[in-house]
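Below: upload08.cif (mmCIF, C-alpha atoms)
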```cif
data_start
loop_
_atom_site.label_atom_id
_atom_site.label_comp_id
_atom_site.auth_asym_id
_atom_site.auth_seq_id
_atom_site.Cartn_x
_atom_site.Cartn_y
_atom_site.Cartn_z
CA MET Y 634 0.00 0.00 0.00
CA PRO Y 635 1.84 3.13 -1.20
CA VAL Y 636 0.01 5.33 1.33
CA LEU Y 637 1.32 3.25 4.23
CA ARG Y 638 4.86 3.43 2.82
CA ARG Y 639 4.50 7.20 2.61
CA CYS Y 640 3.31 7.37 6.22
CA PHE Y 641 6.33 5.41 7.38
CA LEU Y 642 8.57 7.64 5.30
CA LEU Y 643 7.14 10.72 7.04
CA GLY Y 644 7.52 9.02 10.42
CA SER Y 645 11.17 8.28 9.69
CA GLU Y 646 11.86 11.73 8.34
CA TYR Y 647 10.58 13.36 11.51
CA ASP Y 648 11.93 10.70 13.87
CA LEU Y 649 8.47 9.77 15.08
CA GLU Y 650 7.61 6.54 16.77
CA VAL Y 651 4.21 5.78 15.30
CA GLU Y 652 1.88 3.43 17.11
CA ALA Y 653 -1.67 2.60 16.20
CA LEU Y 654 -4.63 1.87 18.36
CA TRP Y 655 -7.91 0.55 17.05
CA VAL Y 656 -10.93 2.21 18.62
CA PRO Y 657 -14.57 1.31 17.98
CA THR Y 658 -16.41 3.84 15.81
CA LYS Y 659 -18.53 4.82 18.83
CA GLU Y 660 -15.40 5.98 20.66
CA ASN Y 661 -14.13 7.75 17.56
CA ALA Y 662 -17.20 9.99 17.61
CA LEU Y 663 -15.48 13.35 17.18
CA ALA Y 664 -13.38 12.10 14.27
CA ASP Y 665 -16.50 10.61 12.71
CA ALA Y 666 -18.47 13.84 13.10
CA LEU Y 667 -15.61 15.91 11.67
CA SER Y 668 -15.21 13.69 8.64
CA ARG Y 669 -18.92 14.06 7.90
CA SER Y 670 -18.98 17.78 8.79
CA GLU Y 671 -21.82 17.17 11.26
CA TYR Y 672 -21.62 20.43 13.10
CA ASN Y 673 -24.28 19.64 15.71
CA ARG Y 674 -22.32 16.65 16.89
CA ILE Y 675 -19.05 18.59 16.78
CA ALA Y 676 -20.66 21.29 18.96
CA ASP Y 677 -21.57 18.65 21.55
CA LEU Y 678 -18.22 16.88 21.52
CA ALA Y 679 -15.71 19.71 21.13
CA PRO Y 680 -17.25 23.19 21.37
CA PRO Y 681 -13.92 25.04 20.84
CA LEU Y 682 -13.79 23.72 17.29
CA LEU Y 683 -16.83 25.77 16.36
CA HIS Y 684 -15.42 29.05 17.66
CA PRO Y 685 -15.62 31.74 14.96
CA THR Y 686 -11.81 31.96 14.82
CA CYS Y 687 -11.54 28.26 14.04
CA SER Y 688 -11.77 27.31 10.42
CA LEU Y 689 -11.70 23.55 10.21
CA GLN Y 690 -11.58 23.56 6.44
CA GLN Y 691 -8.75 26.06 6.26
CA ARG Y 692 -6.22 23.26 6.01
CA GLY Y 693 -6.37 21.84 2.54
CA PHE Y 694 -5.36 18.47 1.15
CA LEU Y 695 -1.59 18.13 1.25
CA THR Y 696 0.68 15.98 -0.81
CA TYR Y 697 4.14 14.77 0.13
CA ARG Y 698 5.71 17.15 -2.37
CA ASN Y 699 3.61 20.19 -1.51
CA ARG Y 700 3.30 19.83 2.20
CA ASP Y 701 3.21 22.79 4.48
CA TYR Y 702 6.32 22.65 6.63
CA HIS Y 703 4.84 25.18 9.01
CA GLY Y 704 2.10 22.75 9.98
CA MET Q 162 30.13 14.63 18.59
CA VAL Q 163 31.17 11.19 19.78
CA SER Q 164 31.68 8.09 17.66
CA PHE Q 165 30.38 4.89 19.17
CA ALA Q 166 29.74 1.49 17.59
CA GLY Q 167 29.95 2.99 14.12
CA LEU Q 168 27.38 5.69 14.86
CA VAL Q 169 27.79 9.36 15.62
CA LEU Q 170 26.29 10.59 18.88
CA ASP Q 171 25.43 14.24 18.61
CA THR Q 172 25.59 15.14 22.29
CA GLY Q 173 24.49 18.73 21.63
CA ASN Q 174 21.17 17.84 20.04
CA LEU Q 175 20.92 14.38 21.66
CA VAL Q 176 20.53 12.62 18.35
CA ILE Q 177 22.26 9.57 16.88
CA ARG Q 178 23.25 9.81 13.23
CA LEU Q 179 25.08 7.85 10.60
CA PRO Q 180 28.69 8.80 9.94
CA ASN Q 181 29.12 10.80 6.73
CA LYS Q 182 31.01 7.99 5.01
CA LYS Q 183 28.16 5.51 5.51
CA LEU Q 184 25.57 8.10 4.51
CA GLN Q 185 27.43 8.93 1.32
CA ASN Q 186 27.55 5.23 0.44
CA ALA Q 187 23.78 4.87 0.74
CA PRO Q 188 22.67 6.20 -2.68
CA ARG Q 189 25.23 4.04 -4.49
CA VAL Q 190 24.47 0.83 -2.59
CA ILE Q 191 20.71 1.24 -2.98
CA SER Q 192 20.66 2.46 -6.57
CA GLU Q 193 22.87 -0.48 -7.64
CA ALA Q 194 20.34 -2.87 -6.15
CA CYS Q 195 17.40 -0.86 -7.54
CA ASN Q 196 18.80 -1.10 -11.05
CA SER Q 197 19.33 -4.85 -10.86
CA ARG Q 198 16.69 -7.35 -11.85
CA SER Q 199 18.41 -10.09 -9.90
CA LEU Q 200 20.90 -10.31 -7.03
CA SER Q 201 23.33 -12.90 -5.72
CA LEU Q 202 23.13 -14.18 -2.16
CA LEU Q 203 26.21 -12.18 -1.28
CA ASP Q 204 24.65 -8.99 -2.73
CA ILE Q 205 21.53 -9.55 -0.63
CA GLN Q 206 23.49 -10.28 2.52
CA LYS Q 207 25.58 -7.13 2.03
CA LEU Q 208 22.46 -5.08 1.44
CA THR Q 209 20.50 -6.45 4.39
CA GLY Q 210 23.54 -6.02 6.62
CA TYR Q 211 23.86 -2.41 5.55
CA LEU Q 212 20.15 -1.63 5.88
CA ASN Q 213 19.99 -3.40 9.22
CA PHE Q 214 22.73 -1.12 10.48
CA VAL Q 215 21.04 1.97 9.05
CA SER Q 216 17.80 0.92 10.77
CA THR Q 217 19.42 1.82 14.09
CA VAL Q 218 18.76 5.43 13.19
CA VAL Q 219 15.66 4.77 11.07
CA PRO Q 220 13.46 2.69 13.41
CA LEU Q 221 10.58 2.33 10.95
CA GLY Q 222 13.03 1.11 8.34
CA ARG Q 223 13.03 -2.46 9.62
CA SER Q 224 9.74 -3.12 7.85
CA PHE Q 225 11.39 -2.34 4.55
CA HIS Q 226 14.13 -4.95 4.41
CA ARG Q 227 12.00 -7.89 5.45
CA ARG Q 228 11.31 -8.82 1.82
CA LEU Q 229 15.03 -8.90 1.06
CA TYR Q 230 15.55 -11.38 3.88
CA ASN Q 231 12.69 -13.43 2.49
CA ILE Q 232 14.62 -14.07 -0.74
CA GLU Q 233 17.51 -15.80 1.04
CA PRO Q 234 15.81 -19.20 1.58
CA PHE Q 235 15.20 -19.46 -2.18
CA PHE Q 236 18.92 -19.85 -2.88
CA PRO Q 237 19.88 -23.51 -3.23
CA PRO Q 238 22.28 -24.58 -0.42
CA GLN Q 239 25.12 -25.39 -2.82
CA ALA Q 240 24.47 -22.50 -5.21
CA ALA Q 241 27.44 -21.11 -7.07
CA LYS Q 242 28.71 -17.69 -6.12
CA TYR Q 243 27.35 -16.16 -9.31
CA TYR Q 244 23.88 -17.72 -8.92
CA LYS Q 245 21.30 -14.95 -8.82
CA GLN Q 246 17.67 -14.73 -7.83
CA ARG Q 247 15.24 -12.41 -9.49
CA ILE Q 248 13.98 -9.67 -7.17
CA SER Q 249 10.31 -8.85 -7.07
CA SER Q 250 8.64 -5.51 -7.73
CA GLU Q 251 7.78 -5.37 -4.01
CA VAL Q 252 11.48 -5.49 -3.14
CA HIS Q 253 12.07 -2.72 -5.67
CA LYS Q 254 9.38 -0.66 -3.92
CA ASP Q 255 11.10 -1.23 -0.58
CA LEU Q 256 14.42 -0.15 -2.05
CA ALA Q 257 12.74 2.95 -3.51
CA TRP Q 258 11.47 3.67 0.03
CA TRP Q 259 15.02 3.51 1.36
CA SER Q 260 16.30 5.62 -1.49
CA GLU Q 261 13.78 8.34 -0.70
CA GLY Q 262 14.13 7.97 3.07
CA LEU Q 263 17.88 8.49 3.02
CA ARG Q 264 17.68 11.68 0.97
CA HIS Q 265 17.46 13.53 4.27
CA PRO Q 266 20.21 12.50 6.69
CA PRO Q 267 18.36 10.37 9.24
CA GLY Q 268 18.71 11.02 12.94
CA ARG Q 269 17.11 9.35 15.91
CA SER Q 270 16.36 11.29 19.03
CA ILE Q 271 17.75 9.96 22.30
CA THR Q 272 16.26 12.70 24.47
CA THR Q 273 13.85 12.13 27.29
CA THR Q 274 11.15 13.94 25.28
CA ARG Q 275 10.72 10.64 23.44
CA GLY Q 276 8.39 9.90 26.33
CA LYS Q 277 6.10 12.73 25.22
CA VAL Q 278 3.09 11.19 23.62
CA ILE Q 279 0.86 12.84 21.07
CA ARG Q 280 -2.54 11.23 20.67
CA ALA Q 281 -4.13 11.75 17.28
CA TRP Q 282 -7.38 10.58 15.75
CA SER Q 283 -8.32 10.27 12.13
CA ASP Q 284 -11.28 9.10 10.14
CA ALA Q 285 -12.55 9.05 6.58
CA ALA Q 286 -16.14 9.23 5.44
CA SER Q 287 -16.13 7.50 2.10
CA THR Q 288 -17.90 10.16 0.07
CA GLN Q 289 -17.42 13.20 2.26
CA GLY Q 290 -14.13 13.97 3.87
CA LEU Q 291 -10.93 13.15 5.66
CA GLU Q 292 -10.49 14.27 9.22
CA GLY Q 293 -7.75 14.48 11.78
CA TYR Q 294 -7.15 16.03 15.17
CA TYR Q 295 -4.68 15.62 17.99
CA LEU Q 296 -4.40 16.19 21.70
CA SER Q 297 -1.24 16.87 23.65
CA GLN Q 298 -0.76 15.14 26.98
CA SER Q 299 -3.02 17.25 29.19
CA GLN Q 300 -5.63 18.39 26.68
CA VAL Q 301 -9.23 17.24 26.76
CA HIS Q 302 -10.53 19.02 23.64
CA PRO Q 303 -8.50 19.76 20.51
CA GLU Q 304 -7.34 23.34 20.03
CA PRO Q 305 -8.81 25.16 17.03
CA ASP Q 306 -5.53 24.76 15.13
CA SER Q 307 -5.17 21.08 15.92
CA ALA Q 308 -8.05 19.75 13.86
CA PHE Q 309 -8.91 19.65 10.20
CA THR Q 310 -11.62 18.37 7.96
CA ILE Q 311 -10.99 18.29 4.25
CA PRO Q 312 -13.23 17.18 1.40
CA ILE Q 313 -12.18 13.98 -0.33
CA PRO Q 314 -10.09 15.12 -3.31
CA LEU Q 315 -11.43 14.25 -6.74
CA SER Q 316 -8.37 12.11 -7.47
CA ILE Q 317 -9.33 9.79 -4.61
CA ALA Q 318 -13.10 10.04 -5.09
CA LYS Q 319 -12.89 9.32 -8.82
CA GLY Q 320 -10.48 6.44 -8.34
CA ARG Q 321 -13.00 4.86 -5.99
CA GLU Q 322 -10.25 3.99 -3.56
CA HIS Q 323 -11.03 1.25 -1.07
CA LEU Q 324 -12.19 2.51 2.33
CA ASN Q 325 -8.99 1.15 3.95
CA THR Q 326 -6.93 3.30 1.58
CA GLN Q 327 -9.08 6.35 2.36
CA GLU Q 328 -8.65 5.75 6.10
CA MET Q 329 -4.90 5.47 5.55
CA CYS Q 330 -5.02 8.72 3.54
CA ALA Q 331 -6.53 10.42 6.60
CA VAL Q 332 -3.57 9.18 8.70
CA LYS Q 333 -1.20 10.46 6.03
CA GLN Q 334 -2.87 13.88 6.10
CA VAL Q 335 -2.39 14.00 9.88
CA LEU Q 336 1.31 13.33 9.39
CA LEU Q 337 1.66 15.79 6.52
CA HIS Q 338 0.01 18.53 8.58
CA TRP Q 339 1.74 18.11 11.90
CA ALA Q 340 4.62 15.60 11.85
CA SER Q 341 7.17 18.42 11.62
CA LYS Q 342 5.89 19.73 14.99
CA TRP Q 343 6.20 16.37 16.67
CA LYS Q 344 9.83 15.59 15.85
CA GLY Q 345 11.31 12.95 18.17
CA LYS Q 346 8.03 12.16 19.92
CA THR Q 347 5.76 9.16 20.08
CA LEU Q 348 2.56 9.37 18.09
CA VAL Q 349 -0.37 7.15 18.96
CA MET Q 350 -2.84 7.12 16.07
CA HIS Q 351 -6.40 6.19 16.98
CA VAL Q 352 -8.29 4.75 14.06
CA ASP Q 353 -11.56 2.86 13.77
CA ASN Q 354 -10.32 0.70 10.92
CA ARG Q 355 -8.65 -2.57 11.93
CA ALA Q 356 -6.70 -2.93 8.66
CA VAL Q 357 -5.11 0.47 9.11
CA ALA Q 358 -4.35 -0.15 12.79
CA HIS Q 359 -2.80 -3.51 11.93
CA GLY Q 360 -0.85 -2.03 9.00
CA ILE Q 361 0.73 0.68 11.14
CA ALA Q 362 1.36 -1.53 14.14
CA ASN Q 363 3.09 -4.24 12.14
#
```
Represent the structure contained in this file as structure tokens.
Amino acid sequence: MPVLRRCFLLGSEYDLEVEALWVPTKENALADALSRSEYNRIADLAPPLLHPTCSLQQRGFLTYRNRDYHG
Amino acid sequence: MVSFAGLVLDTGNLVIRLPNKKLQNAPRVISEACNSRSLSLLDIQKLTGYLNFVSTVVPLGRSFHRRLYNIEPFFPPQAAKYYKQRISSEVHKDLAWWSEGLRHPPGRSITTTRGKVIRAWSDAASTQGLEGYYLSQSQVHPEPDSAFTIPIPLSIAKGREHLNTQEMCAVKQVLLHWASKWKGKTLVMHVDNRAVAHGIAN
């Protein structure tokens, strides 16, 4: 899977030890709500993310070549 | 700078690195193997020995010489020195990984901050978007600048990528956005996809 290779490459480049933990979808509620842009759920789970100064969609899709080094 | 066991210990930045000589050898050793369609047992042993050593400073690298080791049992016990085995496209992909990974001089942190754990979550909704957020050690809610949600790009949507690949793309986006901030730390990715969790963990 090229995407996995790329993830490991990024981990190596930044000297990260990457571990993974499987969580049931129920416990991944905020991530699930964010990926579906369900703002009511986001408001319940993490109110700071709906603050007017927070633009969740400000960060665009990055590629390995065009990544934003300033994070 | 202190040399120990063939590695350079950078005591100022608390990082272990490869000595310049070994680092300069890397492109040649790897590109020679990359350009070959077949390798002798000795070639493979030299290469695995070298990559095994380099893996001291590239911890995730160990996954990418496993396939080279897997070729060794296919050599007949009494094979002549010049006997070669064809190397698969998967091995070529691994070698390409090394080639790209060693473009930047690798260094492994030996500071106590390694203990600092970043917890990140990611998810993909097949037709809607990719998402990621992270929490530092004491945080309960993500900060406004530590979360993103991005629409699935057309390239992925049109290609009808498998959900596992999309979930992995979400992990990749997390790394592309923030990995530079987390240098030398431990990242625990929380995902609700078993294939992705298994892929990263193994």
Within 7 Å of chain Y: each chain Q residue with its shortest pair, all atoms listed in the file, as a Markdown table:
```
| residue | atom | partner | partner_atom | distance |
| --- | --- | --- | --- | --- |
| Q:Val219 | CA | Y:Ser645 | CA | 5.9 |
| Q:Leu221 | CA | Y:Ser645 | CA | 6.1 |
| Q:Gly262 | CA | Y:Leu642 | CA | 6.0 |
| Q:Pro267 | CA | Y:Glu646 | CA | 6.7 |
| Q:Gly268 | CA | Y:Asp648 | CA | 6.9 |
| Q:Arg269 | CA | Y:Asp648 | CA | 5.7 |
| Q:Ser270 | CA | Y:Asp648 | CA | 6.8 |
| Q:Trp282 | CA | Y:Ala664 | CA | 6.4 |
| Q:Ser283 | CA | Y:Ala664 | CA | 5.8 |
| Q:Asp284 | CA | Y:Ala664 | CA | 5.5 |
| Q:Ala285 | CA | Y:Ser668 | CA | 5.7 |
| Q:Ala286 | CA | Y:Ser668 | CA | 5.6 |
| Q:Gln289 | CA | Y:Arg669 | CA | 5.9 |
| Q:Gly290 | CA | Y:Ser668 | CA | 4.9 |
| Q:Leu291 | CA | Y:Ser668 | CA | 5.2 |
| Q:Glu292 | CA | Y:Ser668 | CA | 4.8 |
| Q:Gly293 | CA | Y:Ala664 | CA | 6.6 |
| Q:His302 | CA | Y:Ala679 | CA | 5.8 |
| Q:Glu304 | CA | Y:Pro681 | CA | 6.8 |
| Q:Pro305 | CA | Y:Cys687 | CA | 5.1 |
| Q:Ala308 | CA | Y:Leu689 | CA | 6.4 |
| Q:Phe309 | CA | Y:Leu689 | CA | 4.8 |
| Q:Thr310 | CA | Y:Gln690 | CA | 5.4 |
| Q:Ile311 | CA | Y:Gln690 | CA | 5.7 |
| Q:Met329 | CA | Y:Val636 | CA | 6.5 |
| Q:Cys330 | CA | Y:Val636 | CA | 6.5 |
| Q:Lys333 | CA | Y:Cys640 | CA | 5.5 |
| Q:Gln334 | CA | Y:Leu695 | CA | 6.6 |
| Q:Leu336 | CA | Y:Leu643 | CA | 6.8 |
| Q:Leu337 | CA | Y:Arg700 | CA | 6.1 |
| Q:His338 | CA | Y:Gly704 | CA | 4.9 |
| Q:Trp339 | CA | Y:Gly704 | CA | 5.0 |
| Q:Ala340 | CA | Y:Tyr647 | CA | 6.4 |
| Q:Ser341 | CA | Y:Tyr647 | CA | 6.1 |
| Q:Lys342 | CA | Y:Gly704 | CA | 7.0 |
| Q:Lys344 | CA | Y:Tyr647 | CA | 4.9 |
| Q:Gly345 | CA | Y:Asp648 | CA | 4.9 |
| Q:Lys346 | CA | Y:Leu649 | CA | 5.4 |
| Q:Thr347 | CA | Y:Glu650 | CA | 4.6 |
| Q:Leu348 | CA | Y:Val651 | CA | 4.8 |
| Q:Val349 | CA | Y:Glu652 | CA | 4.7 |
| Q:Met350 | CA | Y:Ala653 | CA | 4.7 |
| Q:His351 | CA | Y:Leu654 | CA | 4.9 |
| Q:Val352 | CA | Y:Trp655 | CA | 5.2 |
| Q:Asp353 | CA | Y:Val656 | CA | 4.9 |
| Q:Asn354 | CA | Y:Trp655 | CA | 6.6 |
| Q:Arg355 | CA | Y:Trp655 | CA | 6.0 |
| Q:Ala358 | CA | Y:Ala653 | CA | 5.1 |
| Q:Ile361 | CA | Y:Ala653 | CA | 5.9 |
| Q:Ala362 | CA | Y:Ala653 | CA | 5.5 |
```
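Shortest atom-to-atom contact with Q:Val218 among Q:Leu184, Q:Ile191, Q:Ala240, Q:Leu179: Q:Leu179, counting all atoms listed in the file.
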Please return the centre and edge lengths, in Å to one decimal, of a box with edges along x, y and z that contains all listed atoms of stretch 325-337 of chain Q, widened by 8 Å on every side, as JSON.
```
{"center_x": -3.7, "center_y": 8.5, "center_z": 5.7, "size_x": 26.7, "size_y": 30.6, "size_z": 24.3}
```
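From atom CA of Q:Lys182 back to atom CA of Q:Asp255, the distance works out to 22.6 Å.
From atom CA of Q:Val252 back to atom CA of Q:Leu229, the distance works out to 6.5 Å.
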Using the chain letters and numbers from the file, give me the residues hit by the PyMOL selection byres ((chain Q and resi 200-215) around 9), as a PyMOL selection string. chain Q and resi 179+183-184+187+190-191+194+197-199+216-220+222-223+225-227+229-230+232-233+236+240+242-248+259+267
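Going from atom CA of Q:Ser297 to atom CA of Q:Ile279 covers 5.2 Å.
Within the file as shown, the PyMOL selection byres ((chain Q and resi 325) around 8) identifies Q:His323, Q:Leu324, Q:Thr326, Q:Gln327, Q:Glu328, Q:Met329, Q:Asn354, Q:Ala356, Q:Val357.
Closest to Q:Asn181 among Q:Lys254, Q:Pro266, Q:Val335, Q:Phe235 is Q:Pro266, based on all atoms listed in the file.
Distances from Q:Ser307, Q:Thr172, Q:Val301, Q:Arg321 to Q:Ser287 were compared using all atoms listed in the file, and the smallest one belongs to Q:Arg321.
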Run the PyMOL selection byres ((chain Q and resi 174) around 10) on the file and write out the hits as a PyMOL selection string. chain Q and resi 162+170-173+175-177+270-272
Taking only C-alpha atoms into account, which of Q:Gln239, Q:Asn363, Q:Thr288, Q:Asn196 comes nearest Q:Pro314? Q:Thr288
